[in-house]
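One structure is given here, and the rest of the page talks about it.
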4 protein chains.
Amino acid sequence: MSHNSFGHLFRVTTFGESHGPALGCVVDGCPPGLALTEADIQGFLDQRRPGQSRFTTQRQEPDRVKILSGTFGDDPDQSPRTTGTPIALMIENVDQRSKDYTDIKTKYRPGHADLTYEAKYGIRDYRGGGRSSARETAARVAAGAVARKVVPGVTIRGALVQMGPHGIDRSRWDWDEVGRNPFFCPDPEAAAFFETYLDGVRKEGSSVGAVIEVVADGVPPGWGAPLYGKLDADLAAALMSINAVKGVEIGDGFVAATLQGEANADEIRRGADGKPLFLSNHAGGVLGGISTGQSLVARFAVKPTSSILAPRRTIDRAAAETEIITKGRHDPCVGIRAVPVGEAMVACVLADHFLRHRGQVGN
Amino acid sequence: MSHNSFGHLFRVTTFGESHGPALGCVVDGCPPGLALTEADIQGFLDQRRPGQSRFTTQRQEPDRVKILSGTFGDDPDQSPRTTGTPIALMIENVDQRSKDYTDIKTKYRPGHADLTYEAKYGIRDYRGGGRSSARETAARVAAGAVARKVVPGVTIRGALVQMGPHGIDRSRWDWDEVGRNPFFCPDPEAAAFFETYLDGVRKEGSSVGAVIEVVADGVPPGWGAPLYGKLDADLAAALMSINAVKGVEIGDGFVAATLQGEANADEIRRGADGKPLFLSNHAGGVLGGISTGQSLVARFAVKPTSSILAPRRTIDRAAAETEIITKGRHDPCVGIRAVPVGEAMVACVLADHFLRHRGQVGN
Amino acid sequence: MSHNSFGHLFRVTTFGESHGPALGCVVDGCPPGLALTEADIQGFLDQRRPGQSRFTTQRQEPDRVKILSGTFGDDPDQSPRTTGTPIALMIENVDQRSKDYTDIKTKYRPGHADLTYEAKYGIRDYRGGGRSSARETAARVAAGAVARKVVPGVTIRGALVQMGPHGIDRSRWDWDEVGRNPFFCPDPEAAAFFETYLDGVRKEGSSVGAVIEVVADGVPPGWGAPLYGKLDADLAAALMSINAVKGVEIGDGFVAATLQGEANADEIRRGADGKPLFLSNHAGGVLGGISTGQSLVARFAVKPTSSILAPRRTIDRAAAETEIITKGRHDPCVGIRAVPVGEAMVACVLADHFLRHRGQVGN
Amino acid sequence: MSHNSFGHLFRVTTFGESHGPALGCVVDGCPPGLALTEADIQGFLDQRRPGQSRFTTQRQEPDRVKILSGTFGDDPDQSPRTTGTPIALMIENVDQRSKDYTDIKTKYRPGHADLTYEAKYGIRDYRGGGRSSARETAARVAAGAVARKVVPGVTIRGALVQMGPHGIDRSRWDWDEVGRNPFFCPDPEAAAFFETYLDGVRKEGSSVGAVIEVVADGVPPGWGAPLYGKLDADLAAALMSINAVKGVEIGDGFVAATLQGEANADEIRRGADGKPLFLSNHAGGVLGGISTGQSLVARFAVKPTSSILAPRRTIDRAAAETEIITKGRHDPCVGIRAVPVGEAMVACVLADHFLRHRGQVGN
C-alpha cells in the first residue's frame, strides 16, 4: 500500500503540508556507495523554487534541503556516500506568513481539492492548500535528485512545449534554450512570445495550462516489467500524481490513435554498432511496457492554476452558496514549475525500474 | 512489488500466455458475501471475445471462465457467494492451432514487444505474442466482473469515441447505441461510418487506432488517496497498462492545458439534495486525486494494431536486416475490444479505492 | 497488500480450498532462463503428499502439478525454461469424496479456524477446512520448488527435531537419515522411538505437536534488508504463516535469552580462504537482519493436530453448547508433513532476498 | 517493497542512524480525526528512553519528538487532530558525543551487525552502530503511540517475564507492578531478585538476555488475514524485526509442540453475553491467522547485549585477527527497554489489521 509512497525498490515516501513545520521525503532502497551531498540535491530544488521570475509565485521559500540520514563519510577529502539505508530529506517551511485564512477556511475553492479532502477526511488543513499544495512537489524534486545518481548513464530533461493553446515549433528545439528563459522552453521564439502572453494572463489575474515533455536518453533496452509494472504504466501514474496534471502520453500518445499501422510501427534496421536501429520513435521508447533503447518520451498536460482573481461561484462548509476570489501569490502557469517536477518523477521511475530489472534479470 | 499484479486491497494478479494451456487471474481481497457465479463473469468476457464480427480477429476462442476457488454455497436455491479468500479464475486456451511460427520466431515484428521481451529476458514465447498478447486482457475483464460486484452502486460504461482521425459527434451520444453496433460506439451515425471506414482499412490489410472513453457514475465523493495513490494516478496506470495504449486523460485532459483558469475550474452550487452541485465537469470527477461525486471520466488512446499485411523492415535475432509481413487473424482496430477491457480496469481501480477508503476512513 | 501473497521480487500468491476444483499459486518475478518442468516440482510435492505412511492422513491425493504459464521451450532436446513472466501452478483436487459435513457445518471445531473465519467473513467453506486446510501448503511446496532454482548454490534441508516432548539427540544428526524414515528425522534412534510413540498416539485417536528445523547452507553474506525486511523477520513471518505453527526461532532462539553476552556473541577468526570464520553459530546465520555466510538455522513449533477423536466441548452456529468429535483422515502429527513445507518457505524467502539484494546492490 | 517500512494500511517507514542529525518515521494511512499531540507520543518515548535507571545505558538522550506533518487544529481549545495525511515524526539526536571510534571503525564486533552491513553495502556508518543501533527503536515507539489511537478499545501491555535463565512466577502476575520496577516486571519478587542479579551482571561488564511478553486485550474476533497476512505471521515479523530478537511465540508457542491435541485445542462454551467463551487460551488469541476475541499473547526472546567488556576475538577490515572490547554506555539487559518497543510493534500490527479488516469486510 502506498498512499504517499511510490516506487518499489527505489521507494519514495513524502510527507508535509504547505504551512506545517516541514515537508520532505524518505528514499528507501537506494544503492549504497553513491556520492551524495545536500548541494547535489539543492541545485534541482533551486530550479523548482518559487520567486525566481515574475511568472511564478512570489512566495519566498529558500527550499533548503537537509539530509537527516542515509549518507556517511569519514574521509574529509571525499563526498559522503549513500549507505543503503533510508535517506530522509527535510525542507523546513520558512515563509509561513500570517495570513487571513477566513475565506479559504470556510469556502471551497473551485478547481482545488478543498471539497474533496473534506469529503474524504472530514478535516482539512486549509493553510495554503495543506497537503494538496504544489509545495509538496519540492519533496519529489529532492527524491529525483537522488534517483539521478542511481542511473548515471541516463540523461533526463524536461521542457515546456505548450502554454495555453500555443505550442512550440519543434523544428527550433534546442535543449540549451531551456535554461535561458523562465519557461523551460526549448524554442526561443516561443519563449519570447510566452513572455508577453503570460504577462497578459497574469495581469488580468487569470492563469493558463501547459504541456510538458520529458525525455530520457540513455535508457538501455529491457527496463520495465509487464504487465502491471510496465514502464509506461508507472510513468503514467507518476506523472498523473503531480498536482494539476490531467493527461499523460507516451511517444505519439493520442496522435497514435489517428494513425494507421504502417505509420505507427517503428521499423528497425541494424545500426552501425550492430544494435537495433529504429527508423522512427512513435512508440516513445517503450514496447510492451519495456524500454527499446530509444529515447523515452513522455508528455503531460497541466491544467491552469485554479487560484485566480476572478470571483467564482461556490458553496461554503454549511452548503450555503457564495463566491470566492483567490488572492495571494500564485503561479499564473503552474505548468512552468512542473518541468523539474516531471523530470524528477521520470528519474524516480527509471531508478526503480533499473533496480527491479537488475533484481530479476541480474544485469 | 507487482510486476503482474495491480490494486492493493482489491488485488488482481494475472498469468498466462496466448498459446499456453491457460490464462487467468487471482483476485485477492474481495469482500465476502457477494453473489458470484461463472455466468456473472462470462457475460463480460463475451463482450471482449474475438470473432463476433468481421471487425475483430477471427481466432475462435470460447473464453470460458472457470472459478477455481473463493466462492462457496451450500444452498441450491442461492447463488454461491464470495468467501473473502482468493478467487482464482481460469480460461483455457482452446484455439492453439498449429501454425508456422518460423517468421515470428526469428524476426522482430515492428510495433510489437518481440524485441523488448528478448532484450529483457533473453527468451521469448513467440507463439501469438506470448505474454504480450492482447489475449491477456481476458483476465482483466474477468477480474473486472468481480470488481463490479464490489461497488454495486457504481455504473461503469465505456465507449469508442474516435477511430483513426474520426471522432464521434458527442451531441448524439446515446449509451443504448453502444450495444447495437460492433464498435461500442455511442453515436449511431459515426458507427455507420466506421463500418465502411474500417472495412476499407481491413481490406487493405492495414489497421487503425482509436480513443476509448470510460465513464463511472455513482462514485461517491471521497474515494482516492493523495498523493501517490490518487484515484486518477491509479486510473492512469491501469489504463496505460492495457496493450497498445499510448495516452490517458482524465476529464478535459490535454484540452485543460489550453484553458484559462476561469474556464477550467468547475463552479459549485448547492444542489436540491443539499449536496454540492458542480456546474461543469472539466475535472472529470477528480480533484486532488479524490473523487468529487461527479461522473468519473477517463479516456485512453489505443495505437493501431501492429500486425499488418504490408511488409515492414526489421531485423532478425542474428541482427540481419530483413522484412516481415504479419499474416493471421488480427483486429483491424484493436481499440474496439479495448472498450470492455477499459471498463474492467476502471472497475478494478474503483473497487480497490472503495476498500482503501473504507479501511482508512471507515465508511 | 498481500493477504494471500508473500515475497516481493520473488512473489508467490496462492489460492484454493481443500475441496474446491483446484488449488495452486502464481509465482511472479522469477528470473528468466531457468530450466523448469513439472517433474522438477512434482518431486517436492511427493514428499509432502499424504497417504505415504500410516503416520499421515490417508486422504488419497495425487497432488499432480500442472504448469499453466511462464515456461517455454521450442527445443525438444532441452528443458523448457522460465520466461520471466508469471508461473501459474495448478493442482486439481481429486479426492473430494462425498462426506457427511453436518457436524462440521454447524459446529466450531476447537483449535480450528472455523469460528474465526466465520467471525471475520460471515461465511465459511466448511468442507475439509476450506481455505484453512493444510492442503493449501501444497501450493507452498510447489512455489518452493521454483524458488530453489533461483538460488542454485544454496542447499535447504529440513528435519523434525522434536515430537511431543521428545527431542532428538543432536549428536546423532545425520542428514541422510531424514529420507529413510517417515518422520524426516535425522536421528535414527529417535525415529525408531517415534514409530512406537506415534502409533500409540494415533491409536488413541489423539495427536501430538512437533518442532521442525530448517537449515540453509551456502547463503552468502549480505542477504537481508534491515530493518523491516530483515532476513530473520521475513523467515519468521513465512514460517509462522504455515498452518498450526505457534513459534519461530532463529539460531539459539529462546535459549539466547538465557545466555550472557560472552556465550552468545560468535567470535570471528580469519578462515583459510581469507574469509571470516565464525567459531560458533549462536546467531543462526543472521546478524542485524543480514546473512553472515554461516548456515542459516530456523526452527518452528507445530501444535498438535486439532482433529482428534476425543469429544470436545464447543458451540454451534446458533451459539448452543454442544460437543464435537472430528472423525476422518487426519495426521496424528501434522508436524511431519510440515518439514517440506518449512523448507519451501525458507526457499521462497531466500529467493526473494537474493533478488532484492541483487536489485539494490548489484551482485 | 518495504526494506524500512512495515504495515500496509497503517504503514510506518523509519529512518535514521544512531549518530546522524535525526531519526524518525513517517506514519501513512492513519485515519483522520484522531486527537494527537507530541505529548501523547512523548509519554511512550519516555518509557523507552535510556538513562532512567542504572540498568540501562547512561547515554543521555531526551528523545524529544516533533510532529512535522499530518495533524491540524485551529481551535485552541481542542487538541490537533490527524488529517489522514502522512504523520512525520522526528527525534533529533542530541548526545552525539565526540568519541574515539578507531576500534569500532576497523574491527567487527562479534554479535553486532558490523560485518554483515559491510558485507552487504560495502560501507558502514560505524558511529554507535549506525542504522543497526537500538536507538532506531525510538521511531517504533513513536509510531506505536499513534497506532494506539487507531484502536482505542484495545489495551496493549508488555512485561519482562524472564531474565537470563530466571523466569518469573506467573501466579504473582500483577500488571500494576510493571510500572513500579525498572524491569517492567509483573512479579514483584522476581523484580527484587533481578535487581541484585543484573547488578552482578553489570558489574562484571557482561550482559544477559530476556523474554518479553506482550498482551493485547480487547481485540475483537475477526482481525487478521489468511494466509500470508495472518495476524500471527505479521506479529512474528514485527517482533523479530526488533534488534536482538531471536525467537517469537504466540500463545503456548514452543510448549504447544509438546502437547497432545486434547490439551491444546481450547474448548468453547457459550458466554453469559451469548458470545463464544473459550475455556483456555493455548492459542494465544489467534486461530487460522484470525483473532478469536481472546487476549492476544505474544512473546519474544532477546539475546544478551553484544557490547561487553570481556575481550572477544574478531578480525578487522583487512581480515587480520585481533580482539575487541566494547566499552561505552551499554544496556546490561537490552531486553528491558524492548518492552515498550514490543508493545509498539504489536500496536502497529493491530492498527494495520483493524484497517485492513475494515477495508475488506466493512466493520
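Letters for chains follow the order of the C-alpha cells (A, B, ...), residue numbers begin at 1 for each chain, and ligand numbers begin at 1 in the order shown.
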Compute the chain A side of the contact with chain D at 8 Å, counting only C-alpha atoms, and hand it back as a PyMOL selection string. chain A and resi 1-4+8-9+11+13-17+20-23+26+28-29+32-33+68-70+72-73+83-88+121-125+131
Using only N, CA, C and O atoms, please write the residues we just selected to a file, as a compact mmCIF listing (two decimals), in the first residue's frame.
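Done, and the output landed in result-v9.txt:
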```txt
# COMPACT_ATOMS: atom_id res chain seq x y z
N MET A 1 0.84 -1.21 0.00
CA MET A 1 0.00 0.00 0.00
C MET A 1 0.86 1.25 0.00
O MET A 1 1.94 1.26 0.55
N SER A 2 0.33 2.27 -0.53
CA SER A 2 1.24 3.36 -0.82
C SER A 2 0.51 4.66 -1.07
O SER A 2 0.70 5.28 -2.09
N HIS A 3 -0.32 5.07 -0.13
CA HIS A 3 -0.99 6.36 -0.34
C HIS A 3 0.03 7.45 -0.67
O HIS A 3 -0.18 8.26 -1.55
N ASN A 4 1.10 7.47 0.08
CA ASN A 4 2.06 8.56 -0.08
C ASN A 4 3.46 8.07 -0.41
O ASN A 4 4.44 8.73 -0.11
N HIS A 8 9.17 0.90 -5.92
CA HIS A 8 9.22 -0.36 -5.18
C HIS A 8 10.62 -0.58 -4.63
O HIS A 8 10.83 -0.50 -3.43
N LEU A 9 11.59 -0.82 -5.50
CA LEU A 9 12.94 -0.99 -4.98
C LEU A 9 13.56 0.36 -4.66
O LEU A 9 14.28 0.51 -3.68
N ARG A 11 12.19 3.48 -3.48
CA ARG A 11 10.87 3.80 -2.94
C ARG A 11 10.90 5.14 -2.22
O ARG A 11 11.72 5.36 -1.33
N THR A 13 8.73 8.01 -0.07
CA THR A 13 7.56 8.35 0.74
C THR A 13 7.66 9.84 1.08
O THR A 13 8.66 10.26 1.65
N THR A 14 6.65 10.61 0.71
CA THR A 14 6.74 12.03 1.03
C THR A 14 5.77 12.38 2.16
O THR A 14 4.81 11.67 2.42
N PHE A 15 6.08 13.50 2.79
CA PHE A 15 5.22 13.98 3.88
C PHE A 15 5.24 15.50 3.87
O PHE A 15 6.13 16.11 3.29
N GLY A 16 4.27 16.08 4.54
CA GLY A 16 4.34 17.51 4.76
C GLY A 16 3.25 18.31 4.10
O GLY A 16 2.74 17.96 3.04
N GLU A 17 2.92 19.40 4.77
CA GLU A 17 1.91 20.33 4.29
C GLU A 17 2.57 21.67 3.97
O GLU A 17 3.69 21.93 4.40
N GLY A 20 2.97 23.63 7.43
CA GLY A 20 3.41 22.96 8.64
C GLY A 20 4.88 23.25 8.89
O GLY A 20 5.49 24.04 8.17
N PRO A 21 5.46 22.60 9.87
CA PRO A 21 6.87 22.88 10.19
C PRO A 21 7.83 22.51 9.06
O PRO A 21 8.81 23.20 8.83
N ALA A 22 7.55 21.42 8.37
CA ALA A 22 8.49 20.97 7.35
C ALA A 22 7.81 19.98 6.42
O ALA A 22 6.76 19.42 6.73
N LEU A 23 8.42 19.81 5.26
CA LEU A 23 7.99 18.73 4.37
C LEU A 23 9.25 17.99 3.95
O LEU A 23 10.37 18.43 4.21
N VAL A 26 11.33 10.29 2.48
CA VAL A 26 12.26 9.23 2.83
C VAL A 26 12.47 8.40 1.56
O VAL A 26 11.51 7.92 0.97
N ASP A 28 13.91 5.11 0.25
CA ASP A 28 14.37 3.81 0.73
C ASP A 28 14.81 2.94 -0.45
O ASP A 28 14.25 3.02 -1.54
N GLY A 29 15.82 2.14 -0.22
CA GLY A 29 16.26 1.19 -1.24
C GLY A 29 17.35 1.72 -2.14
O GLY A 29 17.76 1.03 -3.08
N PRO A 32 23.93 1.54 -2.21
CA PRO A 32 24.98 2.14 -1.40
C PRO A 32 26.13 2.65 -2.26
O PRO A 32 26.28 2.26 -3.41
N GLY A 33 26.91 3.53 -1.67
CA GLY A 33 28.17 3.92 -2.29
C GLY A 33 28.08 5.07 -3.27
O GLY A 33 29.07 5.42 -3.91
N LEU A 68 18.88 14.04 6.64
CA LEU A 68 18.80 13.60 8.04
C LEU A 68 19.43 12.23 8.27
O LEU A 68 19.73 11.88 9.40
N SER A 69 19.56 11.46 7.20
CA SER A 69 20.05 10.08 7.39
C SER A 69 20.44 9.48 6.06
O SER A 69 20.13 10.03 5.01
N GLY A 70 21.14 8.36 6.13
CA GLY A 70 21.36 7.57 4.93
C GLY A 70 22.64 7.84 4.17
O GLY A 70 22.91 7.18 3.17
N PHE A 72 26.99 8.76 4.68
CA PHE A 72 28.07 8.70 5.65
C PHE A 72 29.40 8.88 4.93
O PHE A 72 29.58 8.42 3.81
N GLY A 73 30.30 9.58 5.62
CA GLY A 73 31.64 9.71 5.08
C GLY A 73 32.57 10.15 6.18
O GLY A 73 32.27 11.08 6.92
N THR A 83 24.54 4.93 2.16
CA THR A 83 24.90 3.72 2.89
C THR A 83 23.97 2.55 2.60
O THR A 83 24.14 1.47 3.15
N GLY A 84 22.94 2.77 1.78
CA GLY A 84 21.96 1.72 1.52
C GLY A 84 20.79 1.77 2.49
O GLY A 84 19.82 1.03 2.32
N THR A 85 20.88 2.63 3.49
CA THR A 85 19.79 2.79 4.46
C THR A 85 18.93 3.99 4.05
O THR A 85 19.29 4.73 3.13
N PRO A 86 17.77 4.18 4.70
CA PRO A 86 16.85 5.22 4.23
C PRO A 86 17.46 6.62 4.26
O PRO A 86 18.08 7.01 5.25
N ILE A 87 17.27 7.33 3.19
CA ILE A 87 17.73 8.71 3.08
C ILE A 87 16.54 9.62 3.37
O ILE A 87 15.60 9.68 2.59
N ALA A 88 16.58 10.26 4.52
CA ALA A 88 15.50 11.19 4.87
C ALA A 88 15.92 12.60 4.52
O ALA A 88 17.01 13.04 4.89
N TYR A 121 -11.92 13.18 4.46
CA TYR A 121 -11.34 13.09 5.80
C TYR A 121 -12.17 13.77 6.89
O TYR A 121 -11.92 13.54 8.07
N GLY A 122 -13.08 14.66 6.49
CA GLY A 122 -13.85 15.39 7.50
C GLY A 122 -13.05 16.46 8.20
O GLY A 122 -13.54 17.09 9.14
N ILE A 123 -11.83 16.67 7.78
CA ILE A 123 -10.96 17.67 8.38
C ILE A 123 -10.01 18.11 7.28
O ILE A 123 -9.70 17.32 6.38
N ARG A 124 -9.56 19.37 7.36
CA ARG A 124 -8.74 19.88 6.26
C ARG A 124 -7.80 20.94 6.78
O ARG A 124 -8.23 21.87 7.47
N ASP A 125 -6.52 20.78 6.49
CA ASP A 125 -5.55 21.83 6.78
C ASP A 125 -5.64 22.82 5.63
O ASP A 125 -5.09 22.60 4.56
N ARG A 131 -1.88 19.64 2.44
CA ARG A 131 -1.16 18.56 1.77
C ARG A 131 -1.30 18.64 0.25
O ARG A 131 -0.44 18.14 -0.48
```
Among the residues of stretch 111-260 of chain D, find those DSSP assigns to strand (DSSP E or B) from the backbone and print them as an MDAnalysis selection string. chainID D and resid 155:163 166:167 208 210:217 225 229 245:250 260
Which of stretch 80-213 of chain C end up as alpha helix (DSSP H) when DSSP is run on this backbone - answer as an MDAnalysis selection string? chainID C and resid 102:106 114:121 137:150 188:203
Set the distance at 7 Å and use only C-alpha atoms: which residues neighbour D:Asp266 once local chain neighbours fewer than 4 positions away are removed? I'd like the list as an MDAnalysis selection string. (chainID C and resid 110:111) or (chainID D and resid 278:282)
Identify, on the basis of only C-alpha atoms, every residue whose closest approach to stretch 318-328 of chain D does not exceed 10 Å; exclude the query and any residue fewer than 4 positions from it along the same chain; express the result as a PyMOL selection string. (chain C and resi 267-271+274-276) or (chain D and resi 57-59+99+103-104+106-110+128+205+306-314)
